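Novice: My structure is in coords-v6.pdb, and what it holds is PDB, N, CA and C atoms, pLDDT in the B column:
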```pdb
ATOM      1  N   MET Z   1      54.052 -45.376  16.014  1.00 87.00           N
ATOM      2  CA  MET Z   1      53.928 -45.235  14.599  1.00 87.00           C
ATOM      3  C   MET Z   1      55.115 -44.416  14.111  1.00 87.00           C
ATOM      4  N   VAL Z   2      55.722 -44.896  13.046  1.00 88.00           N
ATOM      5  CA  VAL Z   2      56.883 -44.231  12.467  1.00 88.00           C
ATOM      6  C   VAL Z   2      56.608 -44.004  10.988  1.00 88.00           C
ATOM      7  N   SER Z   3      56.886 -42.802  10.507  1.00 85.00           N
ATOM      8  CA  SER Z   3      56.680 -42.473   9.112  1.00 85.00           C
ATOM      9  C   SER Z   3      57.954 -42.734   8.318  1.00 85.00           C
ATOM     10  N   ASP Z   4      57.811 -43.510   7.246  1.00 81.00           N
ATOM     11  CA  ASP Z   4      58.889 -43.726   6.299  1.00 81.00           C
ATOM     12  C   ASP Z   4      58.479 -42.980   5.025  1.00 81.00           C
ATOM     13  N   GLN Z   5      58.683 -41.671   5.038  1.00 76.00           N
ATOM     14  CA  GLN Z   5      58.145 -40.819   3.981  1.00 76.00           C
ATOM     15  C   GLN Z   5      58.738 -41.119   2.618  1.00 76.00           C
ATOM     16  N   GLY Z   6      59.971 -41.553   2.562  1.00 80.00           N
ATOM     17  CA  GLY Z   6      60.587 -41.860   1.287  1.00 80.00           C
ATOM     18  C   GLY Z   6      59.895 -42.983   0.547  1.00 80.00           C
ATOM     19  N   SER Z   7      59.325 -43.924   1.277  1.00 86.00           N
ATOM     20  CA  SER Z   7      58.625 -45.038   0.633  1.00 86.00           C
ATOM     21  C   SER Z   7      57.119 -44.953   0.833  1.00 86.00           C
ATOM     22  N   ARG Z   8      56.640 -43.825   1.375  1.00 87.00           N
ATOM     23  CA  ARG Z   8      55.198 -43.596   1.599  1.00 87.00           C
ATOM     24  C   ARG Z   8      54.562 -44.720   2.406  1.00 87.00           C
ATOM     25  N   GLN Z   9      55.165 -44.993   3.544  1.00 90.00           N
ATOM     26  CA  GLN Z   9      54.656 -46.041   4.422  1.00 90.00           C
ATOM     27  C   GLN Z   9      54.679 -45.561   5.870  1.00 90.00           C
ATOM     28  N   LEU Z  10      53.775 -46.120   6.647  1.00 90.00           N
ATOM     29  CA  LEU Z  10      53.782 -45.944   8.092  1.00 90.00           C
ATOM     30  C   LEU Z  10      54.094 -47.295   8.707  1.00 90.00           C
ATOM     31  N   LYS Z  11      54.990 -47.318   9.642  1.00 92.00           N
ATOM     32  CA  LYS Z  11      55.337 -48.541  10.365  1.00 92.00           C
ATOM     33  C   LYS Z  11      54.651 -48.476  11.724  1.00 92.00           C
ATOM     34  N   VAL Z  12      53.900 -49.494  12.056  1.00 92.00           N
ATOM     35  CA  VAL Z  12      53.153 -49.536  13.315  1.00 92.00           C
ATOM     36  C   VAL Z  12      53.821 -50.550  14.238  1.00 92.00           C
ATOM     37  N   TYR Z  13      54.204 -50.075  15.400  1.00 92.00           N
ATOM     38  CA  TYR Z  13      54.872 -50.910  16.398  1.00 92.00           C
ATOM     39  C   TYR Z  13      54.012 -51.014  17.646  1.00 92.00           C
ATOM     40  N   ASN Z  14      54.166 -52.114  18.353  1.00 88.00           N
ATOM     41  CA  ASN Z  14      53.490 -52.292  19.635  1.00 88.00           C
ATOM     42  C   ASN Z  14      54.049 -51.268  20.612  1.00 88.00           C
ATOM     43  N   ARG Z  15      53.181 -50.571  21.298  1.00 85.00           N
ATOM     44  CA  ARG Z  15      53.616 -49.540  22.242  1.00 85.00           C
ATOM     45  C   ARG Z  15      54.351 -50.145  23.441  1.00 85.00           C
ATOM     46  N   ALA Z  16      53.860 -51.279  23.895  1.00 86.00           N
ATOM     47  CA  ALA Z  16      54.513 -51.973  25.006  1.00 86.00           C
ATOM     48  C   ALA Z  16      55.566 -52.915  24.440  1.00 86.00           C
ATOM     49  N   GLY Z  17      56.702 -52.989  25.075  1.00 85.00           N
ATOM     50  CA  GLY Z  17      57.745 -53.905  24.623  1.00 85.00           C
ATOM     51  C   GLY Z  17      57.398 -55.346  24.955  1.00 85.00           C
ATOM     52  N   LYS Z  18      58.283 -56.223  24.579  1.00 85.00           N
ATOM     53  CA  LYS Z  18      58.095 -57.634  24.892  1.00 85.00           C
ATOM     54  C   LYS Z  18      58.238 -57.845  26.401  1.00 85.00           C
ATOM     55  N   PRO Z  19      57.544 -58.825  26.969  1.00 86.00           N
ATOM     56  CA  PRO Z  19      57.634 -59.047  28.417  1.00 86.00           C
ATOM     57  C   PRO Z  19      59.065 -59.292  28.910  1.00 86.00           C
ATOM     58  N   ASP Z  20      59.840 -60.028  28.138  1.00 91.00           N
ATOM     59  CA  ASP Z  20      61.204 -60.345  28.557  1.00 91.00           C
ATOM     60  C   ASP Z  20      62.230 -59.347  28.019  1.00 91.00           C
ATOM     61  N   ALA Z  21      61.781 -58.422  27.168  1.00 90.00           N
ATOM     62  CA  ALA Z  21      62.664 -57.408  26.584  1.00 90.00           C
ATOM     63  C   ALA Z  21      61.868 -56.117  26.379  1.00 90.00           C
ATOM     64  N   PRO Z  22      61.667 -55.339  27.436  1.00 89.00           N
ATOM     65  CA  PRO Z  22      60.776 -54.180  27.379  1.00 89.00           C
ATOM     66  C   PRO Z  22      61.182 -53.096  26.388  1.00 89.00           C
ATOM     67  N   ASN Z  23      62.416 -53.106  25.912  1.00 91.00           N
ATOM     68  CA  ASN Z  23      62.849 -52.094  24.947  1.00 91.00           C
ATOM     69  C   ASN Z  23      62.783 -52.566  23.501  1.00 91.00           C
ATOM     70  N   GLN Z  24      62.255 -53.770  23.280  1.00 91.00           N
ATOM     71  CA  GLN Z  24      62.070 -54.285  21.927  1.00 91.00           C
ATOM     72  C   GLN Z  24      60.590 -54.194  21.567  1.00 91.00           C
ATOM     73  N   HIS Z  25      60.303 -53.488  20.502  1.00 91.00           N
ATOM     74  CA  HIS Z  25      58.924 -53.256  20.079  1.00 91.00           C
ATOM     75  C   HIS Z  25      58.728 -53.876  18.701  1.00 91.00           C
ATOM     76  N   PRO Z  26      58.058 -55.027  18.624  1.00 90.00           N
ATOM     77  CA  PRO Z  26      57.904 -55.711  17.345  1.00 90.00           C
ATOM     78  C   PRO Z  26      57.023 -54.925  16.364  1.00 90.00           C
ATOM     79  N   LEU Z  27      57.366 -55.022  15.090  1.00 93.00           N
ATOM     80  CA  LEU Z  27      56.583 -54.400  14.035  1.00 93.00           C
ATOM     81  C   LEU Z  27      55.255 -55.139  13.910  1.00 93.00           C
ATOM     82  N   LEU Z  28      54.140 -54.399  13.978  1.00 94.00           N
ATOM     83  CA  LEU Z  28      52.812 -54.998  13.872  1.00 94.00           C
ATOM     84  C   LEU Z  28      52.267 -54.929  12.456  1.00 94.00           C
ATOM     85  N   ALA Z  29      52.520 -53.803  11.783  1.00 95.00           N
ATOM     86  CA  ALA Z  29      51.956 -53.632  10.447  1.00 95.00           C
ATOM     87  C   ALA Z  29      52.709 -52.545   9.701  1.00 95.00           C
ATOM     88  N   THR Z  30      52.619 -52.620   8.386  1.00 95.00           N
ATOM     89  CA  THR Z  30      53.106 -51.564   7.510  1.00 95.00           C
ATOM     90  C   THR Z  30      51.915 -51.085   6.701  1.00 95.00           C
ATOM     91  N   VAL Z  31      51.648 -49.784   6.748  1.00 91.00           N
ATOM     92  CA  VAL Z  31      50.503 -49.199   6.056  1.00 91.00           C
ATOM     93  C   VAL Z  31      51.031 -48.294   4.950  1.00 91.00           C
ATOM     94  N   LYS Z  32      50.673 -48.600   3.708  1.00 91.00           N
ATOM     95  CA  LYS Z  32      51.088 -47.776   2.584  1.00 91.00           C
ATOM     96  C   LYS Z  32      50.058 -46.668   2.367  1.00 91.00           C
ATOM     97  N   TYR Z  33      50.544 -45.495   1.945  1.00 87.00           N
ATOM     98  CA  TYR Z  33      49.644 -44.399   1.621  1.00 87.00           C
ATOM     99  C   TYR Z  33      50.110 -43.736   0.339  1.00 87.00           C
ATOM    100  N   SER Z  34      49.235 -42.952  -0.288  1.00 86.00           N
ATOM    101  CA  SER Z  34      49.551 -42.401  -1.603  1.00 86.00           C
ATOM    102  C   SER Z  34      49.811 -40.901  -1.599  1.00 86.00           C
ATOM    103  N   ALA Z  35      49.723 -40.250  -0.476  1.00 82.00           N
ATOM    104  CA  ALA Z  35      49.957 -38.802  -0.422  1.00 82.00           C
ATOM    105  C   ALA Z  35      51.417 -38.492  -0.735  1.00 82.00           C
ATOM    106  N   ASN Z  36      51.639 -37.431  -1.487  1.00 79.00           N
ATOM    107  CA  ASN Z  36      53.006 -37.004  -1.798  1.00 79.00           C
ATOM    108  C   ASN Z  36      53.651 -36.295  -0.613  1.00 79.00           C
ATOM    109  N   GLN Z  37      52.839 -35.549   0.129  1.00 77.00           N
ATOM    110  CA  GLN Z  37      53.333 -34.831   1.294  1.00 77.00           C
ATOM    111  C   GLN Z  37      52.268 -34.844   2.379  1.00 77.00           C
ATOM    112  N   THR Z  38      52.695 -34.838   3.626  1.00 77.00           N
ATOM    113  CA  THR Z  38      51.778 -34.701   4.756  1.00 77.00           C
ATOM    114  C   THR Z  38      52.365 -33.692   5.722  1.00 77.00           C
ATOM    115  N   ASP Z  39      51.510 -33.109   6.546  1.00 77.00           N
ATOM    116  CA  ASP Z  39      51.996 -32.198   7.581  1.00 77.00           C
ATOM    117  C   ASP Z  39      51.865 -32.840   8.954  1.00 77.00           C
ATOM    118  N   GLY Z  40      51.688 -34.155   8.966  1.00 78.00           N
ATOM    119  CA  GLY Z  40      51.609 -34.884  10.223  1.00 78.00           C
ATOM    120  C   GLY Z  40      50.562 -35.976  10.167  1.00 78.00           C
ATOM    121  N   ILE Z  41      50.680 -36.901  11.075  1.00 82.00           N
ATOM    122  CA  ILE Z  41      49.744 -38.017  11.193  1.00 82.00           C
ATOM    123  C   ILE Z  41      49.199 -37.989  12.614  1.00 82.00           C
ATOM    124  N   ASP Z  42      47.884 -38.044  12.743  1.00 84.00           N
ATOM    125  CA  ASP Z  42      47.253 -38.086  14.058  1.00 84.00           C
ATOM    126  C   ASP Z  42      46.753 -39.494  14.333  1.00 84.00           C
ATOM    127  N   VAL Z  43      46.885 -39.925  15.573  1.00 83.00           N
ATOM    128  CA  VAL Z  43      46.445 -41.248  15.986  1.00 83.00           C
ATOM    129  C   VAL Z  43      45.535 -41.091  17.194  1.00 83.00           C
ATOM    130  N   VAL Z  44      44.401 -41.773  17.174  1.00 86.00           N
ATOM    131  CA  VAL Z  44      43.485 -41.781  18.318  1.00 86.00           C
ATOM    132  C   VAL Z  44      43.218 -43.222  18.722  1.00 86.00           C
ATOM    133  N   SER Z  45      42.835 -43.424  19.953  1.00 83.00           N
ATOM    134  CA  SER Z  45      42.609 -44.779  20.450  1.00 83.00           C
ATOM    135  C   SER Z  45      41.130 -45.107  20.616  1.00 83.00           C
ATOM    136  N   VAL Z  46      40.264 -44.298  20.027  1.00 87.00           N
ATOM    137  CA  VAL Z  46      38.818 -44.550  20.083  1.00 87.00           C
ATOM    138  C   VAL Z  46      38.272 -44.535  18.669  1.00 87.00           C
ATOM    139  N   PRO Z  47      37.185 -45.263  18.414  1.00 85.00           N
ATOM    140  CA  PRO Z  47      36.591 -45.248  17.074  1.00 85.00           C
ATOM    141  C   PRO Z  47      36.063 -43.860  16.727  1.00 85.00           C
ATOM    142  N   LEU Z  48      36.279 -43.429  15.509  1.00 86.00           N
ATOM    143  CA  LEU Z  48      35.772 -42.124  15.061  1.00 86.00           C
ATOM    144  C   LEU Z  48      34.416 -42.238  14.392  1.00 86.00           C
ATOM    145  N   ASN Z  49      34.058 -43.424  13.941  1.00 81.00           N
ATOM    146  CA  ASN Z  49      32.799 -43.635  13.261  1.00 81.00           C
ATOM    147  C   ASN Z  49      32.106 -44.836  13.911  1.00 81.00           C
ATOM    148  N   LYS Z  50      31.013 -44.588  14.595  1.00 75.00           N
ATOM    149  CA  LYS Z  50      30.324 -45.677  15.299  1.00 75.00           C
ATOM    150  C   LYS Z  50      29.374 -46.450  14.400  1.00 75.00           C
ATOM    151  N   ASN Z  51      29.225 -46.043  13.144  1.00 69.00           N
ATOM    152  CA  ASN Z  51      28.318 -46.744  12.222  1.00 69.00           C
ATOM    153  C   ASN Z  51      28.979 -47.929  11.633  1.00 69.00           C
TER     154      ASN Z  51
END
```
Would you write out, as C-alpha cells, the structure that this file holds?
Specialist:
Amino acid sequence: MVSDQGSRQLKVYNRAGKPDAPNQHPLLATVKYSANQTDGIDVVSVPLNKN
C-alpha cells in the first residue's frame, strides 16, 4: 500500500510480484479518502468485524 497524500488516495499493489517478473507489482486498486491529514495507515490481514 502506498499513500498518495497530495491526491488523498491509497494505491494498493499485489505483495507478490508477477510469476515471470517478481519485481513487478501490478496495481490492484486505488482507494480515495477524505481526511486532510493522517498520522499513518494500518493494514491487517484478518477481518476486524465478524458480523
Novice: Excluding Tyr13 of chain Z and its own-chain neighbours fewer than 2 positions away, which residues fall within 9 Å of it when counting only C-alpha atoms? Please give them as a PyMOL selection string.
Specialist: chain Z and resi 1-2+11+15-16+25-29
Novice: For the atom pair atom N of Val12 of chain Z and atom C of Thr30 of chain Z, what is the interatomic distance in Å to one decimal place?
Specialist: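 Separating atom N of Val12 of chain Z from atom C of Thr30 of chain Z is a distance of 5.9 Å.
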Novice: Box for segment 35-51 of chain Z: with edges along x, y and z, all listed atoms inside and 4 Å added on each side, what are the centre and edge lengths in Å to one decimal, as AutoDock Vina command-line options?
Specialist:
```
--center_x 41.0 --center_y -40.1 --center_z 9.4 --size_x 33.3 --size_y 23.7 --size_z 30.4
```
Novice: Mind pulling up the distance from atom C of Val43 of chain Z to atom N of Val31 of chain Z?
Specialist: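 Calculated distance between atom N of Val31 of chain Z and atom C of Val43 of chain Z is 14.9 Å.
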Novice: Write out as a compact mmCIF listing (two decimals) with N, CA and C atoms, in the coordinates of the input all residues of chain Z that DSSP puts in strand (DSSP E or B) for this structure's backbone.
Specialist:
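Output below, filename states14.txt:
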```
# COMPACT_ATOMS: atom_id res chain seq x y z
N VAL Z 2 55.72 -44.90 13.05
CA VAL Z 2 56.88 -44.23 12.47
C VAL Z 2 56.61 -44.00 10.99
N SER Z 3 56.89 -42.80 10.51
CA SER Z 3 56.68 -42.47 9.11
C SER Z 3 57.95 -42.73 8.32
N ASP Z 4 57.81 -43.51 7.25
CA ASP Z 4 58.89 -43.73 6.30
C ASP Z 4 58.48 -42.98 5.03
N GLN Z 9 55.16 -44.99 3.54
CA GLN Z 9 54.66 -46.04 4.42
C GLN Z 9 54.68 -45.56 5.87
N LEU Z 10 53.78 -46.12 6.65
CA LEU Z 10 53.78 -45.94 8.09
C LEU Z 10 54.09 -47.30 8.71
N LYS Z 11 54.99 -47.32 9.64
CA LYS Z 11 55.34 -48.54 10.36
C LYS Z 11 54.65 -48.48 11.72
N VAL Z 12 53.90 -49.49 12.06
CA VAL Z 12 53.15 -49.54 13.32
C VAL Z 12 53.82 -50.55 14.24
N TYR Z 13 54.20 -50.08 15.40
CA TYR Z 13 54.87 -50.91 16.40
C TYR Z 13 54.01 -51.01 17.65
N LYS Z 18 58.28 -56.22 24.58
CA LYS Z 18 58.10 -57.63 24.89
C LYS Z 18 58.24 -57.84 26.40
N ALA Z 21 61.78 -58.42 27.17
CA ALA Z 21 62.66 -57.41 26.58
C ALA Z 21 61.87 -56.12 26.38
N LEU Z 27 57.37 -55.02 15.09
CA LEU Z 27 56.58 -54.40 14.04
C LEU Z 27 55.26 -55.14 13.91
N LEU Z 28 54.14 -54.40 13.98
CA LEU Z 28 52.81 -55.00 13.87
C LEU Z 28 52.27 -54.93 12.46
N ALA Z 29 52.52 -53.80 11.78
CA ALA Z 29 51.96 -53.63 10.45
C ALA Z 29 52.71 -52.54 9.70
N THR Z 30 52.62 -52.62 8.39
CA THR Z 30 53.11 -51.56 7.51
C THR Z 30 51.92 -51.08 6.70
N VAL Z 31 51.65 -49.78 6.75
CA VAL Z 31 50.50 -49.20 6.06
C VAL Z 31 51.03 -48.29 4.95
N LYS Z 32 50.67 -48.60 3.71
CA LYS Z 32 51.09 -47.78 2.58
C LYS Z 32 50.06 -46.67 2.37
```
Novice: Considering all atoms listed in the file, can you say which of Z:Asn49, Z:Tyr33, Z:Asp39, Z:Pro22 comes closest to Arg8 of chain Z?
Specialist: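 Closest to Arg8 of chain Z of all the choices is Z:Tyr33.
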Novice: Enter the distance from atom N of Ser45 of chain Z to atom CA of Gln9 of chain Z, in Å, rounded to one decimal.
Specialist: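 Atom N of Ser45 of chain Z sits 19.7 Å away from atom CA of Gln9 of chain Z.
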Novice: Pick the closest to Gln5 of chain Z from Z:Asn36, Z:Pro19, Z:Ile41, Z:Val46: which is it, counting only N, CA and C atoms?
Specialist: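 Among the listed residues, the smallest separation from Gln5 of chain Z belongs to Z:Asn36.
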Novice: Once all heavy atoms are restored for segment 1-12 of chain Z, what would the output be as an mmCIF file, in the frame of the given file?
Specialist:
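Saved to rebuild_6.cif:
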```cif
data_model
loop_
_atom_site.group_PDB
_atom_site.id
_atom_site.type_symbol
_atom_site.label_atom_id
_atom_site.label_comp_id
_atom_site.auth_asym_id
_atom_site.auth_seq_id
_atom_site.Cartn_x
_atom_site.Cartn_y
_atom_site.Cartn_z
ATOM 1 N N MET Z 1 54.052 -45.376 16.014
ATOM 2 C CA MET Z 1 53.928 -45.235 14.599
ATOM 3 C C MET Z 1 55.115 -44.416 14.111
ATOM 4 O O MET Z 1 55.450 -43.389 14.699
ATOM 5 C CB MET Z 1 52.614 -44.553 14.243
ATOM 6 C CG MET Z 1 52.408 -44.446 12.765
ATOM 7 S SD MET Z 1 50.804 -43.805 12.301
ATOM 8 C CE MET Z 1 49.740 -45.032 12.980
ATOM 9 N N VAL Z 2 55.722 -44.896 13.046
ATOM 10 C CA VAL Z 2 56.883 -44.231 12.467
ATOM 11 C C VAL Z 2 56.608 -44.004 10.988
ATOM 12 O O VAL Z 2 56.156 -44.904 10.290
ATOM 13 C CB VAL Z 2 58.157 -45.092 12.631
ATOM 14 C CG1 VAL Z 2 59.343 -44.436 11.965
ATOM 15 C CG2 VAL Z 2 58.436 -45.349 14.105
ATOM 16 N N SER Z 3 56.886 -42.802 10.507
ATOM 17 C CA SER Z 3 56.680 -42.473 9.112
ATOM 18 C C SER Z 3 57.954 -42.734 8.318
ATOM 19 O O SER Z 3 59.025 -42.250 8.666
ATOM 20 C CB SER Z 3 56.279 -41.004 8.976
ATOM 21 O OG SER Z 3 56.219 -40.637 7.621
ATOM 22 N N ASP Z 4 57.811 -43.510 7.246
ATOM 23 C CA ASP Z 4 58.889 -43.726 6.299
ATOM 24 C C ASP Z 4 58.479 -42.980 5.025
ATOM 25 O O ASP Z 4 57.946 -43.560 4.086
ATOM 26 C CB ASP Z 4 59.077 -45.220 6.038
ATOM 27 C CG ASP Z 4 60.233 -45.517 5.104
ATOM 28 O OD1 ASP Z 4 60.835 -44.574 4.568
ATOM 29 O OD2 ASP Z 4 60.532 -46.706 4.911
ATOM 30 N N GLN Z 5 58.683 -41.671 5.038
ATOM 31 C CA GLN Z 5 58.145 -40.819 3.981
ATOM 32 C C GLN Z 5 58.738 -41.119 2.618
ATOM 33 O O GLN Z 5 58.079 -40.954 1.603
ATOM 34 C CB GLN Z 5 58.354 -39.353 4.339
ATOM 35 C CG GLN Z 5 57.559 -38.945 5.547
ATOM 36 C CD GLN Z 5 57.838 -37.523 5.982
ATOM 37 O OE1 GLN Z 5 58.810 -36.913 5.569
ATOM 38 N NE2 GLN Z 5 56.973 -37.005 6.837
ATOM 39 N N GLY Z 6 59.971 -41.553 2.562
ATOM 40 C CA GLY Z 6 60.587 -41.860 1.287
ATOM 41 C C GLY Z 6 59.895 -42.983 0.547
ATOM 42 O O GLY Z 6 59.844 -43.001 -0.678
ATOM 43 N N SER Z 7 59.325 -43.924 1.277
ATOM 44 C CA SER Z 7 58.625 -45.038 0.633
ATOM 45 C C SER Z 7 57.119 -44.953 0.833
ATOM 46 O O SER Z 7 56.402 -45.903 0.520
ATOM 47 C CB SER Z 7 59.152 -46.369 1.167
ATOM 48 O OG SER Z 7 58.912 -46.468 2.549
ATOM 49 N N ARG Z 8 56.640 -43.825 1.375
ATOM 50 C CA ARG Z 8 55.198 -43.596 1.599
ATOM 51 C C ARG Z 8 54.562 -44.720 2.406
ATOM 52 O O ARG Z 8 53.581 -45.334 2.011
ATOM 53 C CB ARG Z 8 54.469 -43.411 0.272
ATOM 54 C CG ARG Z 8 54.926 -42.207 -0.498
ATOM 55 C CD ARG Z 8 54.152 -42.057 -1.766
ATOM 56 N NE ARG Z 8 54.660 -40.945 -2.534
ATOM 57 C CZ ARG Z 8 54.353 -40.703 -3.777
ATOM 58 N NH1 ARG Z 8 53.512 -41.482 -4.402
ATOM 59 N NH2 ARG Z 8 54.870 -39.680 -4.407
ATOM 60 N N GLN Z 9 55.165 -44.993 3.544
ATOM 61 C CA GLN Z 9 54.656 -46.041 4.422
ATOM 62 C C GLN Z 9 54.679 -45.561 5.870
ATOM 63 O O GLN Z 9 55.505 -44.734 6.248
ATOM 64 C CB GLN Z 9 55.528 -47.292 4.329
ATOM 65 C CG GLN Z 9 55.542 -47.962 3.007
ATOM 66 C CD GLN Z 9 56.432 -49.183 2.998
ATOM 67 O OE1 GLN Z 9 57.169 -49.459 3.934
ATOM 68 N NE2 GLN Z 9 56.372 -49.950 1.918
ATOM 69 N N LEU Z 10 53.775 -46.120 6.647
ATOM 70 C CA LEU Z 10 53.782 -45.944 8.092
ATOM 71 C C LEU Z 10 54.094 -47.295 8.707
ATOM 72 O O LEU Z 10 53.513 -48.311 8.314
ATOM 73 C CB LEU Z 10 52.424 -45.447 8.598
ATOM 74 C CG LEU Z 10 51.967 -44.103 8.074
ATOM 75 C CD1 LEU Z 10 50.530 -43.834 8.492
ATOM 76 C CD2 LEU Z 10 52.881 -42.997 8.563
ATOM 77 N N LYS Z 11 54.990 -47.318 9.642
ATOM 78 C CA LYS Z 11 55.337 -48.541 10.365
ATOM 79 C C LYS Z 11 54.651 -48.476 11.724
ATOM 80 O O LYS Z 11 54.802 -47.494 12.456
ATOM 81 C CB LYS Z 11 56.848 -48.662 10.562
ATOM 82 C CG LYS Z 11 57.654 -48.570 9.288
ATOM 83 C CD LYS Z 11 57.554 -49.838 8.489
ATOM 84 C CE LYS Z 11 58.490 -49.745 7.295
ATOM 85 N NZ LYS Z 11 58.595 -50.963 6.570
ATOM 86 N N VAL Z 12 53.900 -49.494 12.056
ATOM 87 C CA VAL Z 12 53.153 -49.536 13.315
ATOM 88 C C VAL Z 12 53.821 -50.550 14.238
ATOM 89 O O VAL Z 12 53.989 -51.712 13.874
ATOM 90 C CB VAL Z 12 51.677 -49.924 13.080
ATOM 91 C CG1 VAL Z 12 50.905 -49.921 14.388
ATOM 92 C CG2 VAL Z 12 51.036 -48.983 12.064
#
```
